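Participant: To be precise about what I am sending: the file is called run.cif and holds mmCIF, C-alpha atoms.
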```
data_final
loop_
_atom_site.group_PDB
_atom_site.id
_atom_site.type_symbol
_atom_site.label_atom_id
_atom_site.label_comp_id
_atom_site.auth_asym_id
_atom_site.auth_seq_id
_atom_site.Cartn_x
_atom_site.Cartn_y
_atom_site.Cartn_z
ATOM 1 C CA MET A 1 111.003 99.563 132.464
ATOM 2 C CA LEU A 2 111.207 97.676 129.176
ATOM 3 C CA ASN A 3 111.602 94.122 130.427
ATOM 4 C CA ASN A 4 110.743 92.207 127.255
ATOM 5 C CA TRP A 5 109.358 92.274 123.739
ATOM 6 C CA LEU A 6 105.803 92.836 125.016
ATOM 7 C CA ASP A 7 106.774 96.059 126.826
ATOM 8 C CA ILE A 8 108.498 97.353 123.689
ATOM 9 C CA VAL A 9 105.454 96.554 121.517
ATOM 10 C CA LEU A 10 103.054 98.180 123.999
ATOM 11 C CA LEU A 11 105.197 101.313 124.346
ATOM 12 C CA VAL A 12 105.539 101.683 120.566
ATOM 13 C CA ILE A 13 101.759 101.365 120.154
ATOM 14 C CA ILE A 14 101.118 104.050 122.804
ATOM 15 C CA VAL A 15 103.676 106.515 121.374
ATOM 16 C CA VAL A 16 102.575 105.979 117.767
ATOM 17 C CA SER A 17 98.914 106.391 118.762
ATOM 18 C CA PHE A 18 99.704 109.700 120.492
ATOM 19 C CA ILE A 19 101.589 111.041 117.454
ATOM 20 C CA LEU A 20 98.877 109.867 115.068
ATOM 21 C CA GLY A 21 96.303 111.549 117.327
ATOM 22 C CA LEU A 22 98.119 114.859 116.925
ATOM 23 C CA ILE A 23 98.166 114.381 113.171
ATOM 24 C CA LYS A 24 94.587 113.112 112.779
ATOM 25 C CA GLY A 25 92.690 115.343 115.186
ATOM 26 C CA LEU A 26 89.801 114.800 117.591
ATOM 27 C CA LEU A 27 87.071 113.788 115.133
ATOM 28 C CA ARG A 28 89.118 111.031 113.554
ATOM 29 C CA MET A 29 90.343 109.861 116.961
ATOM 30 C CA ILE A 30 86.817 109.571 118.387
ATOM 31 C CA ILE A 31 85.871 107.356 115.481
ATOM 32 C CA GLY A 32 89.111 105.407 115.997
ATOM 33 C CA ILE A 33 88.333 104.718 119.651
ATOM 34 C CA ALA A 34 84.820 103.633 118.713
ATOM 35 C CA ALA A 35 86.420 101.254 116.204
ATOM 36 C CA VAL A 36 88.711 99.810 118.918
ATOM 37 C CA VAL A 37 85.749 99.137 121.214
ATOM 38 C CA ALA A 38 83.653 97.747 118.352
ATOM 39 C CA GLY A 39 86.620 95.652 117.213
ATOM 40 C CA LEU A 40 86.976 94.085 120.653
ATOM 41 C CA ILE A 41 83.275 93.291 120.881
ATOM 42 C CA ILE A 42 83.013 91.895 117.344
ATOM 43 C CA ALA A 43 86.255 89.896 117.640
ATOM 44 C CA ALA A 44 85.195 88.469 121.013
ATOM 45 C CA ILE A 45 81.860 87.333 119.604
ATOM 46 C CA TYR A 46 82.972 86.005 116.207
ATOM 47 C CA TYR A 47 86.557 84.743 116.672
ATOM 48 C CA ARG A 48 85.499 81.094 117.046
ATOM 49 C CA PRO A 49 83.382 80.801 113.864
ATOM 50 C CA PHE A 50 85.921 82.889 111.930
ATOM 51 C CA SER A 51 88.801 80.662 113.068
ATOM 52 C CA ARG A 52 87.400 77.954 110.769
ATOM 53 C CA VAL A 53 88.605 80.062 107.839
ATOM 54 C CA PHE A 54 92.172 79.201 108.828
ATOM 55 C CA GLY A 55 91.405 75.471 108.958
ATOM 56 C CA ARG A 56 94.572 73.583 109.760
ATOM 57 C CA LEU A 57 96.924 76.454 109.018
ATOM 58 C CA PHE A 58 98.121 76.408 112.634
ATOM 59 C CA ALA A 59 98.992 73.340 114.691
ATOM 60 C CA SER A 60 97.364 74.746 117.825
ATOM 61 C CA GLU A 61 93.727 75.717 118.302
ATOM 62 C CA VAL A 62 94.922 78.512 120.615
ATOM 63 C CA TRP A 63 96.960 80.036 117.765
ATOM 64 C CA THR A 64 94.040 79.675 115.340
ATOM 65 C CA HIS A 65 91.696 81.445 117.761
ATOM 66 C CA LEU A 66 94.241 84.176 118.493
ATOM 67 C CA VAL A 67 94.850 84.858 114.788
ATOM 68 C CA ALA A 68 91.097 84.918 114.075
ATOM 69 C CA PHE A 69 90.557 87.348 116.969
ATOM 70 C CA VAL A 70 93.360 89.659 115.784
ATOM 71 C CA VAL A 71 92.276 89.566 112.104
ATOM 72 C CA ILE A 72 88.704 90.542 113.003
ATOM 73 C CA PHE A 73 89.930 93.274 115.344
ATOM 74 C CA ILE A 74 92.232 94.754 112.676
ATOM 75 C CA ALA A 75 89.513 94.569 109.991
ATOM 76 C CA VAL A 76 87.165 96.625 112.180
ATOM 77 C CA LEU A 77 89.960 99.158 112.818
ATOM 78 C CA ILE A 78 90.471 99.534 109.053
ATOM 79 C CA VAL A 79 86.755 100.159 108.453
ATOM 80 C CA GLY A 80 86.796 102.761 111.247
ATOM 81 C CA ALA A 81 89.834 104.455 109.682
ATOM 82 C CA LEU A 82 88.079 104.754 106.328
ATOM 83 C CA ILE A 83 84.979 106.291 107.924
ATOM 84 C CA SER A 84 87.060 108.740 109.979
ATOM 85 C CA PHE A 85 89.061 109.828 106.940
ATOM 86 C CA LEU A 86 85.894 110.709 105.060
ATOM 87 C CA LEU A 87 84.366 112.617 107.996
ATOM 88 C CA SER A 88 87.576 114.520 108.835
ATOM 89 C CA LYS A 89 87.201 116.509 105.643
ATOM 90 C CA LEU A 90 84.466 118.475 107.469
ATOM 91 C CA VAL A 91 86.869 120.124 110.006
ATOM 92 C CA LYS A 92 88.526 123.271 108.613
ATOM 93 C CA GLY A 93 89.883 126.651 109.706
ATOM 94 C CA PRO A 94 90.903 127.707 113.255
ATOM 95 C CA LEU A 95 89.203 124.695 114.806
ATOM 96 C CA ARG A 96 91.834 122.511 113.153
ATOM 97 C CA PHE A 97 94.505 123.330 115.814
ATOM 98 C CA ILE A 98 92.181 122.528 118.728
ATOM 99 C CA ASP A 99 91.040 119.415 116.894
ATOM 100 C CA ARG A 100 94.645 118.224 116.597
ATOM 101 C CA VAL A 101 95.672 118.900 120.228
ATOM 102 C CA LEU A 102 92.605 117.120 121.550
ATOM 103 C CA GLY A 103 93.299 114.392 119.015
ATOM 104 C CA GLY A 104 96.725 113.848 120.592
ATOM 105 C CA VAL A 105 95.162 113.340 124.011
ATOM 106 C CA LEU A 106 92.617 110.968 122.574
ATOM 107 C CA GLY A 107 95.381 109.196 120.626
ATOM 108 C CA LEU A 108 97.093 108.437 123.906
ATOM 109 C CA VAL A 109 93.857 106.959 125.270
ATOM 110 C CA GLU A 110 93.343 104.925 122.095
ATOM 111 C CA GLY A 111 96.877 103.542 122.267
ATOM 112 C CA ILE A 112 96.294 102.403 125.833
ATOM 113 C CA LEU A 113 92.996 100.792 124.808
ATOM 114 C CA ILE A 114 94.673 98.946 121.928
ATOM 115 C CA CYS A 115 97.370 97.727 124.308
ATOM 116 C CA GLY A 116 94.690 96.651 126.753
ATOM 117 C CA VAL A 117 92.988 94.623 124.036
ATOM 118 C CA LEU A 118 96.313 92.949 123.231
ATOM 119 C CA VAL A 119 96.862 92.169 126.918
ATOM 120 C CA ILE A 120 93.318 90.787 127.209
ATOM 121 C CA ALA A 121 93.917 88.657 124.091
ATOM 122 C CA GLN A 122 97.196 87.410 125.576
ATOM 123 C CA LEU A 123 95.385 86.495 128.817
ATOM 124 C CA ALA A 124 92.605 84.692 126.920
ATOM 125 C CA PHE A 125 94.981 82.991 124.457
ATOM 126 C CA PRO A 126 98.177 82.513 126.496
ATOM 127 C CA VAL A 127 100.818 82.187 123.782
ATOM 128 C CA ASP A 128 103.677 83.690 125.850
ATOM 129 C CA LYS A 129 102.822 83.830 129.563
ATOM 130 C CA GLN A 130 106.399 84.684 130.535
ATOM 131 C CA ALA A 131 106.352 87.915 128.521
ATOM 132 C CA LEU A 132 103.115 88.921 130.217
ATOM 133 C CA MET A 133 104.450 88.039 133.674
ATOM 134 C CA ARG A 134 107.621 90.109 133.160
ATOM 135 C CA SER A 135 105.883 93.085 131.570
ATOM 136 C CA SER A 136 105.981 96.429 133.375
ATOM 137 C CA ILE A 137 103.469 98.103 131.047
ATOM 138 C CA ALA A 138 100.853 95.340 130.605
ATOM 139 C CA PRO A 139 99.397 95.679 134.144
ATOM 140 C CA TYR A 140 98.547 99.337 133.536
ATOM 141 C CA CYS A 141 97.062 98.659 130.109
ATOM 142 C CA TYR A 142 94.988 95.858 131.604
ATOM 143 C CA TRP A 143 93.826 97.996 134.527
ATOM 144 C CA LEU A 144 92.671 100.785 132.202
ATOM 145 C CA THR A 145 90.924 98.363 129.857
ATOM 146 C CA LYS A 146 89.418 95.799 132.236
ATOM 147 C CA GLY A 147 85.953 97.376 132.019
ATOM 148 C CA MET A 148 85.845 96.237 128.423
ATOM 149 C CA VAL A 149 86.003 92.631 129.647
ATOM 150 C CA GLN A 150 82.350 92.922 130.693
ATOM 151 C CA VAL A 151 81.229 92.786 127.032
ATOM 152 C CA ILE A 152 83.206 89.622 126.249
ATOM 153 C CA PRO A 153 81.314 86.288 125.970
ATOM 154 C CA GLN A 154 81.363 84.052 129.072
ATOM 155 C CA GLU A 155 83.548 81.317 127.511
ATOM 156 C CA LEU A 156 86.279 83.810 126.682
ATOM 157 C CA LYS A 157 85.974 85.385 130.147
ATOM 158 C CA GLU A 158 86.652 81.993 131.738
ATOM 159 C CA LYS A 159 89.828 81.489 129.662
ATOM 160 C CA PHE A 160 90.866 85.005 130.575
ATOM 161 C CA ARG A 161 90.269 84.468 134.318
ATOM 162 C CA GLU A 162 92.159 81.146 134.368
ATOM 163 C CA THR A 163 95.254 82.632 132.747
ATOM 164 C CA TYR A 164 95.014 85.793 134.845
ATOM 165 C CA LYS A 165 94.952 83.747 138.085
ATOM 166 C CA GLU A 166 98.022 81.789 136.939
ATOM 167 C CA ILE A 167 99.916 84.965 136.161
ATOM 168 C CA VAL A 168 98.987 86.725 139.398
ATOM 169 C CA ALA A 169 100.063 83.668 141.409
ATOM 170 C CA ALA A 170 103.440 83.443 139.652
ATOM 171 C CA PRO A 171 106.423 85.375 141.059
ATOM 172 C CA ARG A 172 107.212 88.545 139.134
ATOM 173 C CA GLU A 173 110.783 89.405 138.244
ATOM 174 C CA HIS A 174 110.366 93.061 139.131
ATOM 175 C CA GLY A 175 108.412 92.345 142.326
ATOM 176 C CA GLU A 176 105.013 93.610 141.217
ATOM 177 C CA LYS A 177 101.706 91.891 140.613
ATOM 178 C CA ILE A 178 99.219 92.583 137.889
#
```
Could you quickly redo this structure as structure tokens?
Facilitator:
Amino acid sequence: MLNNWLDIVLLVIIVVSFILGLIKGLLRMIIGIAAVVAGLIIAAIYYRPFSRVFGRLFASEVWTHLVAFVVIFIAVLIVGALISFLLSKLVKGPLRFIDRVLGGVLGLVEGILICGVLVIAQLAFPVDKQALMRSSIAPYCYWLTKGMVQVIPQELKEKFRETYKEIVAAPREHGEKI
């Protein structure tokens, strides 16, 4: 099942998100998922202008765009975490247990969404195509997240589609296609 570094990273993100969901509870997880969606939208819109901040830090424009995309995405997640922390102070008493169980379920969903965003970023900015081609987990994360692609700007969609077509056409080591 774990064919490469990408599968390990995706699995760790999903498991950690589930555990954090149990700890945080439903309210904080709802805000977290909203932050993931907002992070994808904001990063997809502003990665190009923001990549100028990095100037010539990276030799490749692809790396510069990828880093800008990821930095914006993480910044939005941090803002969402701060908001959810403040609002979670409102949930007390017997509702706390239900809040935490439902938070675990939502944590699982959030982890899959985060992984889907990473897979989408890897398709749009193909840094390691081989890892994506050999991944057993990435196809499922992509499938569950592909609806989010509709909010991405057209230029980024084209990059995504080109890389996706290359990967689907390539032979897979474990005999599956994305």
Participant: The PyMOL selection byres ((chain A and resi 152) around 12) on the file shown: which residues, as JSON, numbers by chain?
Facilitator: {"A": [37, 38, 39, 40, 41, 42, 43, 44, 45, 46, 47, 117, 120, 121, 124, 146, 147, 148, 149, 150, 151, 153, 154, 155, 156, 157, 158, 159, 160, 161]}
Participant: Please measure the separation of atom CA of Phe73 of chain A and atom CA of Val119 of chain A, giving the value in Å to one decimal.
Facilitator: 13.5 Å
Participant: On this structure, the PyMOL selection byres ((chain A and resi 126-143) around 8) would catch which residues? List them as a ChimeraX atom specification, sorted by chain and number.
Facilitator: /A:1-7,10-11,62-63,112-113,115-117,119-125,144-146,163,167,170,172-174,177-178
Participant: Mind pulling up the distance from atom CA of Ile83 of chain A to atom CA of Phe97 of chain A?
Facilitator: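 So the two atoms, atom CA of Phe97 of chain A and atom CA of Ile83 of chain A, lie 21.1 Å apart.
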Participant: For the provided coordinates, the residues matched by the PyMOL selection byres ((chain A and resi 110) around 9) should be stated as a PyMOL selection string.
Facilitator: chain A and resi 14+17-18+21+29-30+32-33+36+105-109+111-115
Participant: The selected residues should be written to file as a short mmCIF file (atom, residue, chain, number, x, y, z; two decimals), keeping the file's coordinate frame (atoms: C-alpha atoms).
Facilitator:
```cif
data_model
loop_
_atom_site.label_atom_id
_atom_site.label_comp_id
_atom_site.auth_asym_id
_atom_site.auth_seq_id
_atom_site.Cartn_x
_atom_site.Cartn_y
_atom_site.Cartn_z
CA ILE A 14 101.12 104.05 122.80
CA SER A 17 98.91 106.39 118.76
CA PHE A 18 99.70 109.70 120.49
CA GLY A 21 96.30 111.55 117.33
CA MET A 29 90.34 109.86 116.96
CA ILE A 30 86.82 109.57 118.39
CA GLY A 32 89.11 105.41 116.00
CA ILE A 33 88.33 104.72 119.65
CA VAL A 36 88.71 99.81 118.92
CA VAL A 105 95.16 113.34 124.01
CA LEU A 106 92.62 110.97 122.57
CA GLY A 107 95.38 109.20 120.63
CA LEU A 108 97.09 108.44 123.91
CA VAL A 109 93.86 106.96 125.27
CA GLY A 111 96.88 103.54 122.27
CA ILE A 112 96.29 102.40 125.83
CA LEU A 113 93.00 100.79 124.81
CA ILE A 114 94.67 98.95 121.93
CA CYS A 115 97.37 97.73 124.31
#
```
Participant: For the atom pair atom CA of Pro49 of chain A and atom CA of Ala35 of chain A, what is the interatomic distance in Å to one decimal place?
Facilitator: 20.8 Å
Participant: Would you mind listing what lies within 10 Å of segment 85-95 of chain A as a PyMOL selection string, with only C-alpha atoms counted and same-chain residues fewer than 2 positions away left out?
Facilitator: chain A and resi 24-29+31+80-83+97-100
Participant: May I have the residues within 7 Å of Ile19 of chain A as a PyMOL selection string, using only C-alpha atoms and disregarding those fewer than 4 positions away in the same chain?
Facilitator: chain A and resi 15+23+104
Participant: Can you pull out every residue within 12 Å of Glu61 of chain A, counting all atoms listed in the file, but drop anything in the same chain fewer than 2 positions away, and send it as a ChimeraX atom specification?
Facilitator: /A:47-48,51-52,54-59,63-68,125-127
